[in-house]
file run15.txt (compact mmCIF, C-alpha atoms)
# COMPACT_ATOMS: atom_id res chain seq x y z
CA MET P 1 -59.55 -10.19 -115.08
CA ALA P 2 -60.70 -7.39 -117.37
CA ASP P 3 -63.71 -6.77 -115.15
CA THR P 4 -61.41 -6.36 -112.16
CA SER P 5 -59.28 -3.81 -114.03
CA VAL P 6 -62.34 -1.86 -115.10
CA ALA P 7 -63.69 -1.89 -111.55
CA GLY P 8 -60.34 -0.72 -110.19
CA TYR P 9 -60.19 2.08 -112.75
CA ALA P 10 -63.73 3.16 -111.90
CA ALA P 11 -62.95 3.18 -108.18
CA GLY P 12 -59.82 5.25 -108.77
CA ASP P 13 -61.76 7.68 -110.94
CA THR P 14 -64.41 8.01 -108.22
CA ARG P 15 -61.75 8.72 -105.59
CA SER P 16 -60.13 11.37 -107.78
CA LYS P 17 -63.33 13.41 -108.08
CA PRO P 18 -63.45 14.46 -104.39
CA ASN P 19 -59.76 15.39 -104.62
CA PHE P 20 -60.44 17.68 -107.58
CA LYS P 21 -63.45 19.07 -105.75
CA ARG P 22 -61.36 19.86 -102.66
CA LEU P 23 -58.64 21.42 -104.81
CA GLY P 24 -61.20 23.57 -106.59
CA SER P 25 -62.74 24.66 -103.29
CA ALA P 26 -59.30 25.60 -101.96
CA LEU P 27 -58.35 27.61 -105.05
CA LEU P 28 -61.69 29.32 -105.65
CA PRO P 29 -61.29 32.00 -102.90
CA TRP P 30 -58.02 33.10 -104.54
CA ALA P 31 -59.51 33.43 -108.05
CA LEU P 32 -60.80 37.00 -107.65
CA PRO P 33 -57.61 38.35 -105.98
CA ILE P 34 -55.50 36.83 -108.77
CA VAL P 35 -57.72 38.37 -111.45
CA LEU P 36 -57.51 41.76 -109.72
CA LEU P 37 -53.72 41.50 -109.53
CA VAL P 38 -53.49 40.71 -113.24
CA VAL P 39 -55.76 43.64 -114.13
CA TRP P 40 -53.79 45.91 -111.78
CA GLU P 41 -50.48 44.85 -113.37
CA ILE P 42 -51.77 45.45 -116.89
CA ALA P 43 -53.22 48.84 -115.95
CA ALA P 44 -49.94 49.94 -114.34
CA ARG P 45 -47.79 48.70 -117.23
CA THR P 46 -49.95 50.29 -119.91
CA GLY P 47 -50.20 53.64 -118.16
CA LEU P 48 -53.92 53.46 -117.35
CA VAL P 49 -52.97 54.27 -113.75
CA THR P 50 -50.09 56.44 -112.61
CA ALA P 51 -47.22 54.24 -111.47
CA ARG P 52 -46.22 56.77 -108.81
CA LEU P 53 -49.67 56.62 -107.21
CA MET P 54 -50.40 52.94 -107.87
CA PRO P 55 -47.25 50.90 -108.58
CA ALA P 56 -47.58 47.57 -110.32
CA PRO P 57 -47.85 44.41 -108.19
CA THR P 58 -44.42 43.34 -109.41
CA THR P 59 -42.99 46.62 -108.06
CA VAL P 60 -44.65 45.97 -104.71
CA ALA P 61 -43.25 42.43 -104.80
CA ALA P 62 -39.78 43.86 -105.38
CA ALA P 63 -40.25 46.15 -102.35
CA PHE P 64 -41.33 43.10 -100.34
CA TRP P 65 -38.22 41.17 -101.36
CA LYS P 66 -35.92 44.10 -100.59
CA SER P 67 -37.44 44.72 -97.12
CA LEU P 68 -37.34 40.99 -96.44
CA LEU P 69 -33.65 40.76 -97.28
CA ASN P 70 -32.65 43.74 -95.14
CA GLY P 71 -34.78 42.43 -92.27
CA SER P 72 -36.93 45.53 -91.82
CA LEU P 73 -40.19 43.79 -92.76
CA ILE P 74 -39.59 41.01 -90.23
CA VAL P 75 -38.77 43.49 -87.46
CA HIS P 76 -41.86 45.62 -88.12
CA THR P 77 -44.15 42.59 -88.51
CA LEU P 78 -42.96 41.08 -85.23
CA ALA P 79 -43.45 44.42 -83.44
CA SER P 80 -47.03 44.72 -84.75
CA THR P 81 -47.83 41.09 -83.96
CA GLN P 82 -46.53 41.47 -80.42
CA ARG P 83 -48.72 44.52 -79.79
CA ALA P 84 -51.72 42.78 -81.32
CA LEU P 85 -51.34 39.61 -79.25
CA ILE P 86 -50.79 41.47 -75.98
CA GLY P 87 -53.85 43.63 -76.62
CA LEU P 88 -55.89 40.56 -77.60
CA ALA P 89 -54.85 38.69 -74.46
CA ILE P 90 -55.74 41.61 -72.16
CA GLY P 91 -58.92 42.83 -73.85
CA GLY P 92 -60.10 39.38 -74.87
CA GLY P 93 -59.46 37.92 -71.43
CA LEU P 94 -61.36 40.71 -69.69
CA GLY P 95 -64.19 40.48 -72.22
CA PHE P 96 -64.48 36.73 -71.68
CA ILE P 97 -64.54 37.07 -67.89
CA ALA P 98 -67.11 39.88 -68.01
CA GLY P 99 -69.29 37.92 -70.43
CA VAL P 100 -69.26 34.80 -68.28
CA VAL P 101 -69.89 36.68 -65.01
CA ASN P 102 -72.71 38.82 -66.42
CA GLY P 103 -74.21 35.85 -68.21
CA LEU P 104 -74.28 33.67 -65.10
CA TRP P 105 -75.03 36.22 -62.40
CA LYS P 106 -78.04 38.51 -62.84
CA PRO P 107 -76.91 41.13 -60.26
CA ALA P 108 -73.63 41.55 -62.15
CA GLU P 109 -75.52 42.09 -65.40
CA THR P 110 -77.74 44.69 -63.73
CA LEU P 111 -74.71 46.48 -62.32
CA LEU P 112 -72.35 46.36 -65.29
CA ASP P 113 -74.07 45.66 -68.59
CA SER P 114 -75.84 48.99 -69.13
CA THR P 115 -72.59 50.88 -68.46
CA LEU P 116 -70.64 48.61 -70.80
CA GLN P 117 -73.24 49.08 -73.53
CA MET P 118 -72.94 52.86 -73.24
CA VAL P 119 -69.16 52.66 -73.50
CA ARG P 120 -69.47 50.26 -76.45
CA ASN P 121 -71.33 52.90 -78.45
CA ILE P 122 -68.34 55.25 -78.21
CA PRO P 123 -66.00 54.67 -81.19
CA HIS P 124 -62.85 53.48 -79.47
CA LEU P 125 -60.64 55.25 -82.01
CA ALA P 126 -62.25 58.52 -80.91
CA LEU P 127 -60.51 57.97 -77.57
CA ILE P 128 -57.06 58.49 -79.11
CA PRO P 129 -56.59 62.09 -77.85
CA LEU P 130 -57.65 61.04 -74.35
CA VAL P 131 -55.47 57.93 -74.44
CA ILE P 132 -52.45 60.05 -75.38
CA LEU P 133 -53.16 62.31 -72.39
CA TRP P 134 -53.45 59.27 -70.11
CA PHE P 135 -50.58 57.10 -71.31
CA GLY P 136 -48.45 59.31 -73.52
CA ILE P 137 -47.23 57.94 -76.84
CA ASP P 138 -45.45 54.79 -75.70
CA GLU P 139 -46.49 51.14 -76.08
CA THR P 140 -49.13 51.35 -73.35
CA ALA P 141 -51.34 53.64 -75.44
CA LYS P 142 -51.28 51.30 -78.45
CA ILE P 143 -51.96 48.17 -76.40
CA PHE P 144 -54.77 49.93 -74.52
CA LEU P 145 -56.51 50.86 -77.78
CA VAL P 146 -56.21 47.31 -79.12
CA SER P 147 -57.56 45.95 -75.82
CA ILE P 148 -60.60 48.22 -76.01
CA GLY P 149 -61.16 47.22 -79.63
CA VAL P 150 -61.25 43.47 -78.93
CA PHE P 151 -63.04 43.65 -75.57
CA PHE P 152 -66.61 44.20 -76.76
CA PRO P 153 -66.90 41.60 -79.56
CA ILE P 154 -65.74 38.89 -77.17
CA TYR P 155 -67.82 40.22 -74.26
CA ILE P 156 -71.06 40.41 -76.24
CA ASN P 157 -70.71 36.99 -77.86
CA THR P 158 -69.63 35.32 -74.62
CA PHE P 159 -72.58 36.88 -72.79
CA TYR P 160 -74.96 35.79 -75.55
CA GLY P 161 -73.53 32.27 -75.65
CA VAL P 162 -73.88 31.80 -71.89
CA ARG P 163 -77.41 33.21 -71.83
CA THR P 164 -78.70 31.05 -74.70
CA ILE P 165 -77.68 27.68 -73.25
CA ASP P 166 -80.54 25.20 -73.57
CA PRO P 167 -82.35 25.16 -70.18
CA GLN P 168 -83.03 21.45 -70.63
CA LEU P 169 -79.28 20.78 -70.57
CA VAL P 170 -78.95 22.71 -67.31
CA GLU P 171 -81.90 20.82 -65.85
CA MET P 172 -80.42 17.49 -66.94
CA ALA P 173 -77.10 18.43 -65.33
CA SER P 174 -78.84 19.16 -62.03
CA VAL P 175 -80.61 15.80 -62.25
CA TYR P 176 -77.22 14.10 -62.59
CA GLY P 177 -76.00 15.98 -59.53
CA LEU P 178 -73.40 18.25 -61.12
CA ASP P 179 -72.24 21.06 -58.83
CA ARG P 180 -72.02 24.65 -60.08
CA LYS P 181 -68.35 24.39 -61.09
CA ALA P 182 -68.95 21.21 -63.08
CA LEU P 183 -72.06 22.74 -64.62
CA ILE P 184 -70.05 25.72 -65.87
CA MET P 185 -67.09 23.69 -67.12
CA ARG P 186 -69.00 20.80 -68.70
CA ILE P 187 -72.25 22.34 -69.91
CA ILE P 188 -72.27 26.14 -70.05
CA LEU P 189 -68.81 26.95 -71.45
CA PRO P 190 -68.81 24.16 -74.08
CA GLY P 191 -72.32 25.19 -75.11
CA ALA P 192 -71.28 28.84 -75.37
CA LEU P 193 -68.07 28.04 -77.25
CA PRO P 194 -69.46 28.49 -80.81
CA SER P 195 -70.66 31.99 -79.94
CA ILE P 196 -67.38 32.80 -78.15
CA LEU P 197 -65.36 31.80 -81.21
CA VAL P 198 -67.56 33.98 -83.43
CA GLY P 199 -66.72 36.84 -81.07
CA LEU P 200 -63.04 35.98 -81.39
CA ARG P 201 -63.21 36.21 -85.18
CA TYR P 202 -64.85 39.63 -84.98
CA ALA P 203 -62.31 40.70 -82.36
CA LEU P 204 -59.40 39.76 -84.61
CA GLY P 205 -60.75 42.07 -87.30
CA PHE P 206 -61.04 44.94 -84.82
CA MET P 207 -57.58 44.10 -83.50
CA TRP P 208 -55.81 44.75 -86.81
CA LEU P 209 -58.03 47.72 -87.64
CA THR P 210 -57.19 49.37 -84.33
CA LEU P 211 -53.51 48.56 -84.63
CA ILE P 212 -53.26 50.25 -88.04
CA VAL P 213 -54.40 53.52 -86.47
CA ALA P 214 -52.59 53.04 -83.16
CA GLU P 215 -49.23 52.56 -84.86
CA THR P 216 -49.48 56.01 -86.39
CA ILE P 217 -49.15 57.50 -82.87
CA SER P 218 -45.42 58.32 -82.81
CA ALA P 219 -44.39 54.69 -83.24
CA THR P 220 -40.79 53.73 -83.91
CA SER P 221 -41.57 50.24 -85.18
CA GLY P 222 -44.43 48.25 -86.60
CA ILE P 223 -46.12 48.00 -89.98
CA GLY P 224 -48.04 51.22 -89.37
CA TYR P 225 -44.79 53.05 -88.69
CA MET P 226 -43.26 51.51 -91.83
CA THR P 227 -46.13 52.75 -94.01
CA MET P 228 -46.19 56.24 -92.47
CA ASN P 229 -42.44 56.57 -92.89
CA ALA P 230 -42.74 55.43 -96.52
CA ARG P 231 -45.47 58.02 -97.09
CA GLU P 232 -43.09 60.78 -96.04
CA PHE P 233 -40.68 59.72 -98.79
CA LEU P 234 -43.43 59.02 -101.38
CA GLN P 235 -42.58 55.29 -101.41
CA THR P 236 -46.01 54.17 -102.56
CA ASP P 237 -44.83 50.62 -103.15
CA VAL P 238 -43.87 50.27 -99.47
CA VAL P 239 -47.19 51.83 -98.39
CA LEU P 240 -49.07 49.26 -100.46
CA LEU P 241 -46.83 46.53 -99.10
CA GLY P 242 -47.79 47.52 -95.55
CA ILE P 243 -51.49 47.40 -96.43
CA ILE P 244 -51.09 43.97 -98.02
CA VAL P 245 -49.17 42.67 -94.98
CA TYR P 246 -51.99 43.85 -92.71
CA ALA P 247 -54.51 42.08 -94.95
CA LEU P 248 -52.48 38.86 -94.96
CA LEU P 249 -52.06 38.93 -91.18
CA GLY P 250 -55.81 39.39 -90.80
CA LYS P 251 -56.47 36.50 -93.17
CA LEU P 252 -53.97 34.32 -91.33
CA ALA P 253 -55.66 35.10 -88.01
CA ASP P 254 -59.06 34.20 -89.49
CA VAL P 255 -57.74 30.92 -90.91
CA ALA P 256 -56.23 30.05 -87.52
CA THR P 257 -59.56 30.75 -85.80
CA ARG P 258 -61.42 28.58 -88.30
CA ALA P 259 -58.93 25.77 -87.65
CA ILE P 260 -59.53 26.11 -83.91
CA GLU P 261 -63.29 25.98 -84.51
CA LYS P 262 -63.00 22.75 -86.49
CA ARG P 263 -60.71 21.30 -83.85
CA VAL P 264 -62.68 22.09 -80.69
CA LEU P 265 -66.21 21.93 -82.13
CA VAL P 266 -66.07 18.45 -83.66
CA TRP P 267 -69.05 17.53 -81.49
CA HIS P 268 -71.19 20.37 -82.87
CA PRO P 269 -73.82 19.27 -85.45
CA ALA P 270 -73.06 22.15 -87.83
CA TYR P 271 -69.36 21.24 -88.03
CA GLN P 272 -70.10 17.53 -88.28
CA ALA P 273 -72.38 18.26 -91.24
CA GLY P 274 -69.66 20.37 -92.86
CA GLN P 275 -67.08 17.60 -92.49
CA GLU P 276 -69.46 15.00 -93.92
CA GLY P 277 -70.25 17.29 -96.85
CA GLY P 278 -66.55 17.69 -97.63
CA ARG P 279 -66.00 13.96 -97.88

call {"tool": "encode", "arguments": {"input": "run15.txt", "output": "structure tokens"}}
result
Amino acid sequence: MADTSVAGYAAGDTRSKPNFKRLGSALLPWALPIVLLVVWEIAARTGLVTARLMPAPTTVAAAFWKSLLNGSLIVHTLASTQRALIGLAIGGGLGFIAGVVNGLWKPAETLLDSTLQMVRNIPHLALIPLVILWFGIDETAKIFLVSIGVFFPIYINTFYGVRTIDPQLVEMASVYGLDRKALIMRIILPGALPSILVGLRYALGFMWLTLIVAETISATSGIGYMTMNAREFLQTDVVLLGIIVYALLGKLADVATRAIEKRVLVWHPAYQAGQEGGR
């Protein structure tokens, strides 16, 4: 009876170790930000930094709570998110289509790729004066800039993913009698998916970066507008709040992409190894 109790205790202790390991892995990425916040708070409270130029985190938190209660933060965040998602859908969709077409069809690559590579080397934010001349200062200009920003990461990674499919898989598919449509849907696109999702993660970073700048173009809503308006009134706490919100939205987008990767790439050896290692 005692042996059974000891065995049960040992089994429970063994099961608890992976749980502590998972908890530690989940908390570890937040360790450095928390330390920086504590140092920042101490520096602001003790006068090592000027409170007007760098308010304490608690002051920024108070600005967050105030803007949350009056609804302004929600309105501006929704406006920015809407612009970002529309730009991602347009630019990402076009980048995906161009990557697949150029990757599958050599004449299309010959016709389009060199031109796209030249355009890619132009900083898309340098197009702002031209974009204002084309579209004015309404929503179209902001969405266009975001679309350009996300187009190339998705295009390049989709093109690379399609082009680096194992030829033996394509040959095996032809042996099994798959037509071209089935070959694309069952072999090429699934095989290119890891590279496409890497492109999506890069595109999300460019999306928020572009939006920060685009929302300074005579916007009347959005996080960029909120921060620029706060700058005019020397509300540094609100400016910092806007920067933090941008960072959190970017992190949230990255976490969502990682979750999608784990969900749709369960068959991939790299993700299977990661899941087995976490057990």

call {"tool": "closest_residue", "arguments": {"input": "run15.txt", "among": "P:Ala84, P:Leu234, P:Leu178, P:Leu94", "to": "Leu209 of chain P", "atoms": "only C-alpha atoms"}}
result
P:Ala84

call {"tool": "closest_atom_pairs", "arguments": {"input": "run15.txt", "of": "segment 21-112 of chain P", "to": "segment 238-248 of chain P", "cutoff": "7 Å", "atoms": "all atoms listed in the file", "output": "CSV"}}
result
residue,atom,partner,partner_atom,distance
P:Val60,CA,P:Leu241,CA,6.0
P:Ala63,CA,P:Val238,CA,6.2
P:Phe64,CA,P:Leu241,CA,6.6

call {"tool": "write_last_selection", "arguments": {"input": "run15.txt", "atoms": "C-alpha atoms", "output": "PDB file, keeping the file's coordinate frame"}}
result
ATOM      1  CA  VAL P  60     -44.650  45.970-104.710  1.00  0.00           C
ATOM      2  CA  ALA P  63     -40.250  46.150-102.350  1.00  0.00           C
ATOM      3  CA  PHE P  64     -41.330  43.100-100.340  1.00  0.00           C
TER       4      PHE P  64
END

call {"tool": "residues_around", "arguments": {"input": "run15.txt", "residues": "segment 212-217 of chain P", "least_positions_apart": "5", "cutoff": "6 Å", "atoms": "all atoms listed in the file", "output": "list in words"}}
result
Lys142, Gly224 and Tyr225 of chain P

call {"tool": "write_last_selection", "arguments": {"input": "run15.txt", "atoms": "C-alpha atoms", "output": "compact mmCIF listing (two decimals), keeping the file's coordinate frame"}}
result
# COMPACT_ATOMS: atom_id res chain seq x y z
CA LYS P 142 -51.28 51.30 -78.45
CA GLY P 224 -48.04 51.22 -89.37
CA TYR P 225 -44.79 53.05 -88.69

call {"tool": "atom_distance", "arguments": {"input": "run15.txt", "atom1": "atom CA of Ile74 of chain P", "atom2": "atom CA of Gln235 of chain P"}}
result
18.4 Å

call {"tool": "residues_around", "arguments": {"input": "run15.txt", "residues": "Glu41 of chain P", "least_positions_apart": "2", "cutoff": "6 Å", "atoms": "all atoms listed in the file", "output": "ChimeraX atom specification"}}
result
/P:38-39,43-44,56-57

call {"tool": "atom_distance", "arguments": {"input": "run15.txt", "atom1": "atom CA of Leu127 of chain P", "atom2": "atom CA of Gly161 of chain P"}}
result
28.9 Å

call {"tool": "residues_around", "arguments": {"input": "run15.txt", "residues": "Val162 of chain P", "least_positions_apart": "6", "cutoff": "9 Å", "atoms": "all atoms listed in the file", "output": "PyMOL selection string"}}
result
chain P and resi 99-100+102-104+188-189+191-193+195

call {"tool": "closest_residue", "arguments": {"input": "run15.txt", "among": "P:Leu145, P:Trp65, P:Phe159, P:Glu109", "to": "Ile132 of chain P", "atoms": "all atoms listed in the file"}}
result
P:Leu145

call {"tool": "residues_around", "arguments": {"input": "run15.txt", "residues": "Ala89 of chain P", "least_positions_apart": "2", "cutoff": "12 Å", "atoms": "only C-alpha atoms", "output": "VMD selection string"}}
result
chain P and resid 82 to 87 91 to 97 143 to 144 146 to 151 154 200 203 to 204 207

call {"tool": "atom_distance", "arguments": {"input": "run15.txt", "atom1": "atom CA of Ile260 of chain P", "atom2": "atom CA of Leu28 of chain P"}}
result
22.1 Å

call {"tool": "residues_around", "arguments": {"input": "run15.txt", "residues": "Pro153 of chain P", "least_positions_apart": "4", "cutoff": "7 Å", "atoms": "only C-alpha atoms", "output": "PyMOL selection string"}}
result
chain P and resi 157+199+202-203

call {"tool": "closest_residue", "arguments": {"input": "run15.txt", "among": "P:Leu252, P:Trp40, P:Val198, P:Ala173", "to": "Ile156 of chain P", "atoms": "only C-alpha atoms"}}
result
P:Val198

call {"tool": "build_atoms", "arguments": {"input": "run15.txt", "residues": "segment 226-248 of chain P", "atoms": "N, CA and C atoms", "output": "tab-separated table (two decimals), in the frame of the given file"}}
result
chain	number	residue	atom	x	y	z
P	226	MET	N	-43.93	51.72	-90.54
P	226	MET	CA	-43.26	51.51	-91.83
P	226	MET	C	-44.01	52.22	-92.96
P	227	THR	N	-45.34	52.11	-92.96
P	227	THR	CA	-46.13	52.75	-94.01
P	227	THR	C	-46.12	54.27	-93.88
P	228	MET	N	-46.21	54.78	-92.66
P	228	MET	CA	-46.19	56.24	-92.47
P	228	MET	C	-44.84	56.82	-92.85
P	229	ASN	N	-43.78	56.11	-92.51
P	229	ASN	CA	-42.44	56.57	-92.89
P	229	ASN	C	-42.27	56.55	-94.41
P	230	ALA	N	-42.81	55.51	-95.05
P	230	ALA	CA	-42.74	55.43	-96.52
P	230	ALA	C	-43.55	56.55	-97.16
P	231	ARG	N	-44.66	56.92	-96.54
P	231	ARG	CA	-45.47	58.02	-97.09
P	231	ARG	C	-44.69	59.33	-97.12
P	232	GLU	N	-43.88	59.55	-96.09
P	232	GLU	CA	-43.09	60.78	-96.04
P	232	GLU	C	-42.12	60.88	-97.21
P	233	PHE	N	-41.65	59.73	-97.69
P	233	PHE	CA	-40.68	59.72	-98.79
P	233	PHE	C	-41.32	59.32	-100.12
P	234	LEU	N	-42.67	59.34	-100.17
P	234	LEU	CA	-43.43	59.02	-101.38
P	234	LEU	C	-43.10	57.63	-101.92
P	235	GLN	N	-42.84	56.68	-101.01
P	235	GLN	CA	-42.58	55.29	-101.41
P	235	GLN	C	-43.91	54.53	-101.43
P	236	THR	N	-44.67	54.75	-102.49
P	236	THR	CA	-46.01	54.17	-102.56
P	236	THR	C	-45.98	52.66	-102.56
P	237	ASP	N	-44.93	52.08	-103.14
P	237	ASP	CA	-44.83	50.62	-103.15
P	237	ASP	C	-44.73	50.06	-101.74
P	238	VAL	N	-44.01	50.73	-100.86
P	238	VAL	CA	-43.87	50.27	-99.47
P	238	VAL	C	-45.18	50.49	-98.71
P	239	VAL	N	-45.88	51.59	-99.01
P	239	VAL	CA	-47.19	51.83	-98.39
P	239	VAL	C	-48.15	50.71	-98.75
P	240	LEU	N	-48.20	50.36	-100.03
P	240	LEU	CA	-49.07	49.26	-100.46
P	240	LEU	C	-48.63	47.94	-99.86
P	241	LEU	N	-47.34	47.75	-99.73
P	241	LEU	CA	-46.83	46.53	-99.10
P	241	LEU	C	-47.33	46.43	-97.66
P	242	GLY	N	-47.29	47.53	-96.92
P	242	GLY	CA	-47.79	47.52	-95.55
P	242	GLY	C	-49.26	47.16	-95.48
P	243	ILE	N	-50.06	47.71	-96.40
P	243	ILE	CA	-51.49	47.40	-96.43
P	243	ILE	C	-51.71	45.92	-96.72
P	244	ILE	N	-50.95	45.39	-97.67
P	244	ILE	CA	-51.09	43.97	-98.02
P	244	ILE	C	-50.67	43.08	-96.85
P	245	VAL	N	-49.61	43.46	-96.14
P	245	VAL	CA	-49.17	42.67	-94.98
P	245	VAL	C	-50.25	42.66	-93.92
P	246	TYR	N	-50.88	43.81	-93.66
P	246	TYR	CA	-51.99	43.85	-92.71
P	246	TYR	C	-53.11	42.90	-93.14
P	247	ALA	N	-53.44	42.94	-94.44
P	247	ALA	CA	-54.51	42.08	-94.95
P	247	ALA	C	-54.16	40.61	-94.79
P	248	LEU	N	-52.90	40.25	-95.08
P	248	LEU	CA	-52.48	38.86	-94.96
P	248	LEU	C	-52.46	38.40	-93.50
